[in-house]
Amino acid sequence: MAINYPIGTHHTADVKNTIRTGKTTKKALLFGKRGMGLEEEINLANDYYLANHLAVIHKKPTPITIVKVDYPARSAAKVTEAYFKQASTTDYNGVYQGHYIDFDAKETKNKTSFPLKNFHEHQIVHLASILAQNGIGFVIIKFTTLNETYMYPAQHLIAQWQKLKGKQSISYQEIVRDSYVVPNSLNPSLDYLKAVDRYFEHLN
């Protein structure tokens, strides 16, 4: 039993016409992102940021305990049984412009709200601890049907969790009101640090 994490399918598209303006540009950008999951877009953005000395952000490894391993060949090993050592906190962390940042990534097909069931209480507690140490915490939320992505600051998520007692959903309008838009771009396709920059401007 191998443990696989579905983070989308890598897709390389022809984007020759993306320098054009208007609808053609938007269509080309969307075509380039087709078939790519949110986590893969973030991972590719992180690779771009690292290669260009903009930020050091990585996906956190999920700690597991291996219980049983089979050796079908002398040079190969196959994990057939394993379990998670502990509940995971958030997906990503790193350093950007002298700030420690810590965030999660979530997708929803819902057009009108974002269900709080996508989070666990220990994740909310973790983000609150980050803020208490003057770190930057947030969640990247993608409304896949609308093709809209937002950087939603942790303080708003925590307040909604407390108000709704971890149940129900946050309305789409509230997320748009309290978030920073992650714009479509060419390289990387999900330039979420642009949204973080706007957030920093408001903090200052």
# chains A, B, ... in the order shown; residues from 1 in each chain; ligands from 1
$ residues_around --residues "segment 99-115 of chain A" --least-positions-apart "6" --cutoff "7 Å" --atoms "only C-alpha atoms" --output "list of chain:residue names"
A:Glu39, A:Thr90, A:Asp91, A:Tyr92, A:Asn93, A:Gly135, A:Ile136, A:Gly137, A:Phe138, A:Val139, A:Ile140, A:Ile141, A:Lys142, A:Phe143, A:Thr144, A:Thr145, A:Leu146, A:Gln168, A:Ser169, A:Ile170, A:Ser171, A:Tyr172
$ residues_around --residues "Ala55 of chain A" --least-positions-apart "5" --cutoff "8 Å" --atoms "only C-alpha atoms" --output "list in words"
Asn46, Tyr49, Leu50, Gly94, Val95, Tyr96 and Gln97 of chain A
$ closest_residue --among "A:Asn147, A:Tyr180, A:Ala154, A:Glu201" --to "Ala132 of chain A" --atoms "only C-alpha atoms"
A:Ala154
$ atom_distance --atom1 "atom CA of Gly98 of chain A" --atom2 "atom CA of Thr149 of chain A"
24.7 Å
$ select_by_dssp --residues "segment 121-185 of chain A" --states "strand (DSSP E or B)" --output "ChimeraX atom specification"
/A:136-143,148-153,169-171,180-181,184
